[in-house]
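Remarks on the structure that follows.
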Amino acid sequence: MVNESQLTIERVQTGVRMEKRLLKVLKALAEYHDMSLGDLVEGIVLHAFDGKVPFSSSSLERIRDLKKFYDLDLDSSASHRLSEIKQQKVTSNGVGRGGKARREKRP
């Protein structure tokens with residue numbers, strides 16, 4: 001039985017690309033609030049769609065701390081100016097177009 005205040009929804013898996021340090025701050029903030037990253041992003045978007053601020057003053061303070069920790073120096077003024085670093089294409093033998101072999105990451 002669904003509580004009157006609960007809403008039944010359907011979630012889908014998505015592959016969203018975003019700036020690395022921004023994602024680290026979001027993950028840390030979600031962990032701090034003991035929620036999933038998806039739940040955090042849903043909440044932020046729903047608040048933004050209503051023109052409301054999604055965070056309390058204490059959460060904003062935590063975000064400032066996390067931005068310092070992860071060296072995130074971006075703010076809303078950067079949102080339409082972000083440009084992704086072009087990744088070098090790697091062939092099936094692990095050699096990029098520049099002739100250098102791709103190094104495997106070790107755990």
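We label chains A, B, ... in the order they appear in the structure tokens, count residues from 1 in each chain, and number ligands from 1 in the order shown.
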
All residues 8 Å or closer to Leu66 (chain A), only C-alpha atoms, same chain fewer than 3 positions away omitted, as a ChimeraX atom specification: /A:25,28-29,62-63,69-70

Show which residues sit within 7 Å of Ile44 (chain A), as a ChimeraX atom specification. Count only C-alpha atoms, and ignore same-chain residues fewer than 4 positions away. /A:40,48,54

Using only C-alpha atoms, please write the residues we just selected to a file, as a PDB file, in the first residue's frame.
ATOM      1  CA  LEU A  40      20.037  14.266  -4.931  1.00  0.00           C
ATOM      2  CA  ALA A  48      15.158  24.376  -9.990  1.00  0.00           C
ATOM      3  CA  PRO A  54      17.328  23.316  -3.268  1.00  0.00           C
TER       4      PRO A  54
END

Using DSSP on the backbone, list every residue of chain A that comes out as strand (DSSP E or B), and give them as a list of chain:residue names.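 These are the residues in question: A:Val90, A:Val95, A:Gly96, A:Ala101.
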
10 Å contact set for Leu74 (chain A), only C-alpha atoms, chain neighbours under 6 positions out, as a list in words: Glu19, Arg21, Leu22, Lys67 and Leu82 of chain A

Write the residues of the preceding selection, restricted to C-alpha atoms, as a tab-separated table (two decimals), in the first residue's frame.
chain	number	residue	atom	x	y	z
A	19	GLU	CA	32.70	17.80	-15.03
A	21	ARG	CA	35.16	17.71	-9.79
A	22	LEU	CA	31.49	18.69	-9.88
A	67	LYS	CA	34.24	22.62	-3.42
A	82	LEU	CA	32.49	24.75	-20.40

So that I can check the secondary structure, give me every residue of chain A assigned helix (DSSP H, G or I) by backbone DSSP, as a PyMOL selection string. chain A and resi 20-32+37-49+57-69+76-78

Residue nearest Leu72 (chain A) - candidates A:Gln6, A:Gln88, A:Thr14, A:Leu23, atoms counted: only C-alpha atoms: A:Leu23

If you measure from CA of Ser83 (chain A) to CA of Lys68 (chain A), what distance in Å do you get, rounded to one decimal?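 Separation between CA of Ser83 (chain A) and CA of Lys68 (chain A): 21.7 Å.
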